[in-house]
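**Q** The structure under discussion is supplied below as structure tokens; questions concerning it will follow.
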Amino acid sequence: MTSNEIRKQFLDFFESKNHKVVDSAPVVPFDDPTLLFINAGMNQFKDVFLGAGKRDYTRAVNTQKCIRVSGKHNDLEEVGRDTYHHTFFEMLGNWSFGDYYKKEAIEWAWELLTEVWKLPKERLWATVYRTDDEAFELWKSQTDIDPKHVLRFDEKDNFWEMGDTGPCGPCSEIHINLSDDLENADLVNAGVPECIEIWNLVFIQYNRDAEGKLNELPSKHVDTGMGFERICAVLQEKDSNYGIDIFESLINKISELSSTKFEKEDDKIAMRVIADHVRALSFAIADGAVPSNDGRGYVLRRILRRAARYGRKLNLKEPFLFKIVETLVKNMSDTFPELKINQNNIERIIKGEEESFNATLDRGIELFENIAEKVIDANRTIIDGDDVFKLYDTFGFPVDLTNVMAEEKGLSIDETKFNELMKEQKDRARKSTKEKTGEASIAVETLDGFNLQDNSATEFTGYDELVSKSKIVGVKKDGKNTLLILDKSPFYVEAGGQISDTGKIKIDNQEFKIINVTKIDDKVIHVVENTGEINLTNGKGATVTVDKKRRWNIMRNHSVTHFLHAVLRSVLGSHVQQAGSYVGPDRLRFDFTHFEKVSSEQLKEIENIVNEKLRENLALSHHKNIPFEEAKKMGAIMFFGDKYGDSVNVVQFGDFTLEFCGGTHVHNSSQIGLFKIVSESSIASGVRRIEAVTGEGVEKFIEEQESRIQNSESRIKELQDEKRKLEKELAELQLQEKLGGIENIISKPTELNGINIFKGKVEAANMDELKSMGDELREKMKSGVGMLISEVNEKVGIVVVVSDDIIKEKKLMAGKIVGNAAKLVGGGGGGRPHLATAGGKDVTKIDSAIDEFDSIVGSFL
């Protein structure tokens, strides 16, 4: 059977048992911030198992896209090394929500495996949780399995949990023995390829809370999971998951691209890794995830870079992963059409990531080889954490990639030291951010020394008021400043990108500045500047006032980020996710996942749409302290990594934007004023940054632009004046250089009847310049007749000069002489007795005009 036929038979079988066929949830769980990726079929039904939600059916079946790369369910290191682990896989599953339980689950599983798929019963084994007598007996009473093939195991193998918290319960696994030793019970759960788990029947009856306690669920449920790729390998009689039809075409494509056959073990490992990782990347990107430096985005970046490095082992040095996507789409888009819909986006994102990493990969590999060689030469087995960090920080090597490369050489890495260096880097970044924003530092990490009256949280009143009558409940001196804890406060403490409030506190008719606030155990600590000798004790009253103008500017900038986020997703695509932000009084910064530079046309469109929406005067709906599950049902956008309690805040502006948010906001969109994008840039591979201003910030921006224009106009005038001055100086220098040629003419006169004659060819830009050179010649020759001739703009220019004594004594006139000279070059001219100019057309006659000049002068004597 083909994989498509196997998938269909599974769904059809349970549909015949009155199960509803349900679509796979996206592999990116945007509605569950506790998960990086969907890692089990039951994730989309988690609310049902917790009793917080319900469906219009009690039985369901589907194939669920899953990725397991982190936490408890992390298969990354095994991928490629064995033949049955994957980062991405499909999980076939059937569910009962308070309907049938263990009896039917076991009975139907056996029926599908042995009657529909005809698996040999003698090869099948079942395991149950060590205390689950009910399941143990049901296997014997409801199936004809060999009783000796039913085994008990402890929590490690037969108690299923989705994560550290959440729905869980005992499970019964079905294994198939593929070896020749059919009765060897030691192979079960031994982690060997000869005997593999193919189906897990989970009986969900508990919820594990944050303290680790198991609580009975309101109803008992069934959640089963079957590895699709594994069952395909069994039914297609392949000794490897990577031998089934859906992997065969991918491996053939990799073999074609690399000109390498799937034969040598090292080549096989590399091809298995690449085929698996392309699937994980493609499905994740199709569902909206993008490689980045945080959270699930960094997981994808690690997967991609791991695959790229294995490509080097196949001599694939140019981007190649994106070329495999088309093969995957052809094979799987009938079942998962989102692959075809997003194919272009998937290929562009993967190619961009490959190009970025390729720039440093080879140099990183070279550095690693040098490091490893030194470690081996020194008879050591551990690569220093400093070197691991350098590979990460300088060359983009994820720590697990370095670990793989180390293991290939029989080495290990000092991951503890690496983690210390990572923490130091993050601490430096946080400190730098605070210095840039001018926030006062707070040297307090515990509540020791505050002499607290009780353990109550500080009540935040800042959503509704900026001035509060409060009472001091904790005091601690900090140099010149005093740290105060109040019973209630309107001061917002930095969170979600929005910076902390500043303002004033009035105590005993004395007013002091509050320069920063922080929070420890839900108690807001106010940093009060220069309190001097005033007696501050618990129980004393105080009036605290937030800087109103500053807060309103912050709120404008915060609210507009919600509009910006919505518009970015609309214009650029739903793959856009917030990757960080800064919201201050002067500006806002919004980081988001996107694979290429945002064009100037797109930026203009984004800016225009945001401003159009702001002008619609959309009212704020601030849903405060509503149940988490209710907020999810509203469709509010959540952010991975954010921690949400049982009650949350949701910020909504009309029907345009709806997000989980604990920050402070304007009452309606028109209060934001104008929105202006100042810059767009890249801050990391796959992460872009927009900086913008609103309200007063736009006014300052316009003033700055106007000032720059005025300064530019003034500067332009200065530059023009300077240009004219330099041009004049340059012309004078050039003229001086040309006049240097006159000295040569002066030094070599000819003589006719006692008259010195000076003549020669010179370089002149125009007739004015030639005339100036004539003046210079007349002055320097003292007594005599002179002619300068030049080619000017492809024509002939002539100047003739006569000294005063020759004019008086010999009656020679420059005007008459130049006229006769001009005739020799096809032209004419004239002028005054002492200086005259002429022009001609025939530049080829210049030399003959010079030769005959003496005769022309002689003709007038």
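Going by the structure tokens order, chains are called A, B, ..., each with residues numbered from 1, while ligands are numbered from 1 in the order shown.
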Quick one: residues within 10 Å of Ile274 in chain A, only C-alpha atoms, excluding same-chain residues fewer than 5 positions away - as a VMD selection string?
**A** chain A and resid 79 to 80 250 to 251 254 268 to 269 279 to 280 303 to 304 306 to 311 321 324
**Q** Can you check which parts of range 660-705 of chain A lie within 12 Å of range 493-498 of chain A? Per residue, the shortest pair of atoms and distance in Å to one decimal, counting only C-alpha atoms, sorted by chain and number, as CSV.
**A**
```
residue,atom,partner,partner_atom,distance
A:Phe660,CA,A:Gly496,CA,10.3
A:Cys661,CA,A:Gly496,CA,7.6
A:Gly662,CA,A:Gly496,CA,7.5
A:Gly663,CA,A:Gln498,CA,6.9
A:Thr664,CA,A:Gln498,CA,8.5
A:His665,CA,A:Gln498,CA,10.5
```
**Q** Generate a file of the selected residues that holds all heavy atoms, formatted as a tab-separated table (two decimals), in the first residue's frame.
**A**
```tsv
chain	number	residue	atom	x	y	z
A	660	PHE	N	-3.44	39.70	23.31
A	660	PHE	CA	-3.13	39.60	24.74
A	660	PHE	C	-2.16	40.73	25.06
A	660	PHE	O	-1.14	40.89	24.38
A	660	PHE	CB	-2.46	38.27	25.05
A	660	PHE	CG	-3.39	37.09	25.12
A	660	PHE	CD1	-3.99	36.58	23.98
A	660	PHE	CD2	-3.65	36.49	26.33
A	660	PHE	CE1	-4.83	35.50	24.04
A	660	PHE	CE2	-4.50	35.39	26.41
A	660	PHE	CZ	-5.10	34.89	25.26
A	661	CYS	N	-2.42	41.51	26.07
A	661	CYS	CA	-1.52	42.61	26.40
A	661	CYS	C	-1.82	43.14	27.80
A	661	CYS	O	-2.98	43.38	28.14
A	661	CYS	CB	-1.67	43.74	25.38
A	661	CYS	SG	-0.51	45.10	25.67
A	662	GLY	N	-0.78	43.33	28.57
A	662	GLY	CA	-0.95	43.87	29.92
A	662	GLY	C	-0.57	45.33	30.03
A	662	GLY	O	-0.54	45.89	31.13
A	663	GLY	N	-0.28	45.97	28.88
A	663	GLY	CA	0.19	47.35	28.90
A	663	GLY	C	-0.93	48.36	29.01
A	663	GLY	O	-2.10	48.03	29.16
A	664	THR	N	-0.54	49.64	28.95
A	664	THR	CA	-1.51	50.73	29.05
A	664	THR	C	-1.72	51.34	27.67
A	664	THR	O	-0.80	51.39	26.86
A	664	THR	CB	-1.01	51.83	30.02
A	664	THR	OG1	0.22	52.38	29.53
A	664	THR	CG2	-0.77	51.24	31.40
A	665	HIS	N	-2.97	51.81	27.42
A	665	HIS	CA	-3.32	52.22	26.06
A	665	HIS	C	-4.21	53.45	26.05
A	665	HIS	O	-4.87	53.78	27.04
A	665	HIS	CB	-4.02	51.07	25.34
A	665	HIS	CG	-3.13	49.90	25.07
A	665	HIS	ND1	-2.37	49.79	23.94
A	665	HIS	CD2	-2.85	48.80	25.82
A	665	HIS	CE1	-1.66	48.67	23.99
A	665	HIS	NE2	-1.94	48.04	25.13
```
**Q** Give me the residues near Asp522 in chain A as a list in words, where near means some atom within 10 Å (using only C-alpha atoms) and where sequence neighbours in that chain fewer than 4 positions away do not count.
**A** Asn455, Ser456, Ala457, Thr458, Glu459, Phe460 and Thr518 of chain A
**Q** Could you name the residues that touch Glu173 in chain A at 10 Å or less, counting only C-alpha atoms, but leaving out those on the same chain fewer than 6 positions away, as a ChimeraX atom specification?
**A** /A:106,125-129,150-151,157-158,189,197-202,224-226
**Q** Check the smallest atom-to-atom distance from each of A:Arg724, A:Arg208, A:Lys676, A:Arg778 to Val799 in chain A using only C-alpha atoms, then report the winner.
**A**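 Among A:Arg724, A:Arg208, A:Lys676, A:Arg778, it is A:Arg778 that comes nearest to Val799 in chain A.
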**Q** From the list A:His277, A:Ala406, A:Phe595, A:Asn766, which residue is nearest Glu355 in chain A when using only C-alpha atoms?
**A**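 Closest candidate: A:Phe595.
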**Q** Quick one: residues within 10 Å of range 36-43 of chain A, only C-alpha atoms, excluding same-chain residues fewer than 6 positions away - as an MDAnalysis selection string?
**A** chainID A and resid 24:30 49 61:71 73:74 87:95 162:163 167 222:226 284 289 295:297 299 640:641
**Q** If you keep N, CA and C atoms, can you produce a file of those selected residues as a compact mmCIF listing (two decimals), in the first residue's frame?
**A**
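Below you can see out_5.txt, which holds the result:
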```txt
# COMPACT_ATOMS: atom_id res chain seq x y z
N SER A 24 -5.93 18.33 10.70
CA SER A 24 -4.75 18.56 11.52
C SER A 24 -4.70 20.01 11.96
N ALA A 25 -4.32 20.25 13.20
CA ALA A 25 -4.06 21.62 13.66
C ALA A 25 -2.74 22.09 13.06
N PRO A 26 -2.54 23.39 12.90
CA PRO A 26 -1.22 23.88 12.44
C PRO A 26 -0.13 23.38 13.37
N VAL A 27 1.03 23.12 12.82
CA VAL A 27 2.13 22.62 13.65
C VAL A 27 2.66 23.71 14.58
N VAL A 28 2.32 24.96 14.27
CA VAL A 28 2.70 26.10 15.13
C VAL A 28 1.51 26.44 16.02
N PRO A 29 1.61 26.19 17.32
CA PRO A 29 0.46 26.38 18.22
C PRO A 29 0.33 27.83 18.69
N PHE A 30 -0.21 28.69 17.83
CA PHE A 30 -0.30 30.11 18.17
C PHE A 30 -1.24 30.36 19.36
N PHE A 49 -9.71 17.97 27.43
CA PHE A 49 -9.22 17.09 28.49
C PHE A 49 -9.19 17.79 29.84
N VAL A 61 -11.00 11.43 14.95
CA VAL A 61 -9.85 10.76 14.36
C VAL A 61 -9.17 11.76 13.40
N ASN A 62 -7.84 11.71 13.34
CA ASN A 62 -7.15 12.56 12.36
C ASN A 62 -5.71 12.13 12.20
N THR A 63 -5.03 12.79 11.28
CA THR A 63 -3.58 12.72 11.19
C THR A 63 -3.06 14.09 11.55
N GLN A 64 -2.18 14.17 12.53
CA GLN A 64 -1.70 15.44 13.05
C GLN A 64 -0.24 15.65 12.70
N LYS A 65 0.06 16.84 12.16
CA LYS A 65 1.45 17.23 11.91
C LYS A 65 2.12 17.51 13.25
N CYS A 66 3.30 16.92 13.47
CA CYS A 66 4.00 17.09 14.75
C CYS A 66 5.48 17.40 14.52
N ILE A 67 6.04 18.18 15.42
CA ILE A 67 7.49 18.42 15.44
C ILE A 67 7.98 18.22 16.87
N ARG A 68 9.00 17.38 17.02
CA ARG A 68 9.58 17.14 18.34
C ARG A 68 11.07 17.46 18.28
N VAL A 69 11.43 18.58 18.88
CA VAL A 69 12.83 19.02 18.83
C VAL A 69 13.32 19.61 20.15
N SER A 70 12.50 19.61 21.18
CA SER A 70 12.94 20.26 22.42
C SER A 70 12.17 19.68 23.59
N GLY A 71 12.67 19.99 24.79
CA GLY A 71 11.97 19.58 26.00
C GLY A 71 11.93 18.07 26.17
N HIS A 73 10.02 15.87 24.78
CA HIS A 73 9.90 15.14 23.52
C HIS A 73 10.89 15.71 22.52
N ASN A 74 12.15 15.31 22.63
CA ASN A 74 13.20 15.86 21.77
C ASN A 74 13.89 14.71 21.04
N THR A 87 12.26 14.67 13.25
CA THR A 87 11.84 15.91 13.89
C THR A 87 10.38 16.19 13.52
N PHE A 88 10.07 16.03 12.23
CA PHE A 88 8.67 16.16 11.80
C PHE A 88 8.12 14.78 11.48
N PHE A 89 6.90 14.54 11.92
CA PHE A 89 6.23 13.29 11.59
C PHE A 89 4.73 13.50 11.67
N GLU A 90 4.01 12.57 11.11
CA GLU A 90 2.56 12.56 11.23
C GLU A 90 2.17 11.60 12.34
N MET A 91 1.19 11.98 13.12
CA MET A 91 0.68 11.08 14.15
C MET A 91 -0.79 10.78 13.85
N LEU A 92 -1.04 9.51 13.55
CA LEU A 92 -2.42 9.06 13.39
C LEU A 92 -3.01 8.85 14.77
N GLY A 93 -4.23 9.32 15.00
CA GLY A 93 -4.80 9.18 16.34
C GLY A 93 -6.31 9.10 16.34
N ASN A 94 -6.83 8.44 17.34
CA ASN A 94 -8.28 8.45 17.59
C ASN A 94 -8.51 8.83 19.05
N TRP A 95 -9.64 9.53 19.30
CA TRP A 95 -9.91 10.09 20.62
C TRP A 95 -11.34 9.80 21.08
N MET A 162 2.12 15.04 28.41
CA MET A 162 2.39 15.95 27.29
C MET A 162 3.56 16.86 27.59
N GLY A 163 3.72 17.24 28.85
CA GLY A 163 4.79 18.14 29.27
C GLY A 163 4.93 18.06 30.77
N PRO A 167 -2.61 17.41 30.95
CA PRO A 167 -3.27 16.10 30.94
C PRO A 167 -2.28 14.96 30.84
N VAL A 222 -9.74 8.97 26.01
CA VAL A 222 -8.78 8.13 25.30
C VAL A 222 -8.06 8.99 24.27
N ASP A 223 -6.75 8.86 24.23
CA ASP A 223 -5.92 9.59 23.26
C ASP A 223 -4.91 8.60 22.72
N THR A 224 -5.01 8.25 21.46
CA THR A 224 -4.05 7.31 20.90
C THR A 224 -3.18 8.00 19.88
N GLY A 225 -1.98 7.48 19.72
CA GLY A 225 -1.06 8.04 18.74
C GLY A 225 -0.26 6.96 18.06
N MET A 226 -0.29 6.96 16.74
CA MET A 226 0.47 5.98 15.95
C MET A 226 1.40 6.73 15.02
N ALA A 284 6.62 23.80 9.09
CA ALA A 284 6.60 24.88 10.08
C ALA A 284 6.42 26.23 9.42
N ALA A 289 5.60 29.82 10.97
CA ALA A 289 6.84 30.03 11.72
C ALA A 289 7.94 30.51 10.77
N GLY A 295 13.02 31.48 20.61
CA GLY A 295 11.90 30.56 20.66
C GLY A 295 11.88 29.56 19.53
N ARG A 296 10.69 29.34 18.98
CA ARG A 296 10.56 28.34 17.93
C ARG A 296 11.32 28.74 16.67
N GLY A 297 11.49 30.05 16.46
CA GLY A 297 12.26 30.50 15.32
C GLY A 297 13.70 30.04 15.38
N VAL A 299 14.71 27.33 16.96
CA VAL A 299 14.69 25.88 16.73
C VAL A 299 14.77 25.61 15.23
N PHE A 640 4.51 33.56 21.73
CA PHE A 640 5.22 32.44 22.31
C PHE A 640 6.24 32.93 23.35
N GLY A 641 6.32 32.20 24.45
CA GLY A 641 7.28 32.54 25.49
C GLY A 641 6.68 33.41 26.57
```
**Q** Can you tell me which residues surround Asn18 in chain A at a distance of at most 9 Å, considering only C-alpha atoms, apart from same-chain residues fewer than 2 positions away, and format the answer as a PyMOL selection string?
**A** chain A and resi 14-16+20+59-60
**Q** If you run DSSP on this backbone, which residues of range 276-337 of chain A come out as helix (DSSP H, G or I), and could you give them as a PyMOL selection string?
**A** chain A and resi 276-286+295-313+321-332
**Q** For Ile383 in chain A, please output as a list in words all residues within 10 Å (counting only C-alpha atoms; exclusion window: fewer than 3 positions along the same chain).
**A**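 Here the answer would be Phe368, Ile371, Ala372, Lys374, Val375, Ile376, Arg380, Asp386, Asp387, Val388, Thr402, Asn403, Ala406, Leu411, Ser412, Ile413, Asp414 and Glu415 of chain A.
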**Q** Could you save those same residues with C-alpha atoms as a compact mmCIF listing (two decimals), in the first residue's frame?
**A**
```
# COMPACT_ATOMS: atom_id res chain seq x y z
CA PHE A 368 36.19 23.95 14.58
CA ILE A 371 40.02 23.72 17.81
CA ALA A 372 39.36 19.97 17.72
CA LYS A 374 44.38 21.21 19.44
CA VAL A 375 42.15 19.38 21.94
CA ILE A 376 43.17 15.99 20.55
CA ARG A 380 41.94 16.21 26.09
CA ASP A 386 34.74 29.65 25.21
CA ASP A 387 35.39 28.01 21.86
CA VAL A 388 31.81 26.71 21.64
CA THR A 402 28.95 21.90 17.54
CA ASN A 403 28.12 18.98 19.84
CA ALA A 406 32.50 17.04 18.43
CA LEU A 411 34.91 14.64 21.82
CA SER A 412 32.37 16.44 23.99
CA ILE A 413 31.74 20.12 24.76
CA ASP A 414 31.70 22.17 27.95
CA GLU A 415 28.05 23.18 27.70
```
**Q** For Leu76 in chain A, which residue out of A:Leu124, A:Leu401, A:Ile346, A:Leu733 is the nearest one, using only C-alpha atoms?
**A**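 Looking at the shortest contact to Leu76 in chain A, the residue is A:Leu401.
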**Q** What is the distance between CA of Trp117 in chain A and CA of Lys140 in chain A, in Å to one decimal?
**A**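 These two atoms are separated by 20.6 Å.
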**Q** From the options A:Ile702, A:Leu726, A:Val290, A:Ile672, which residue's atoms come nearest to Arg615 in chain A, counting only C-alpha atoms?
**A**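 Looking at the shortest contact to Arg615 in chain A, the residue is A:Ile672.
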**Q** Which of these, A:Glu607, A:Glu78, A:Asp245, A:Asp854, has the shortest distance to Leu328 in chain A once you count only C-alpha atoms?
**A** A:Asp245
**Q** Among the residues of range 489-548 of chain A, find those DSSP assigns to strand (DSSP E) from the backbone and print them as a list in words.
**A**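 Listing strand (DSSP E) positions across range 489-548 of chain A yields Ser489, Gly503, Lys504, Ile505, Lys506, Ile507, Gln510, Glu511, Phe512, Lys513, Ile514, Ile515, Asn516, Val517, Thr518, Lys519, Ile520, Lys523, Val524, Ile525, His526, Val527, Val528, Gly541, Ala542, Thr543, Val544, Thr545 and Val546 of chain A.
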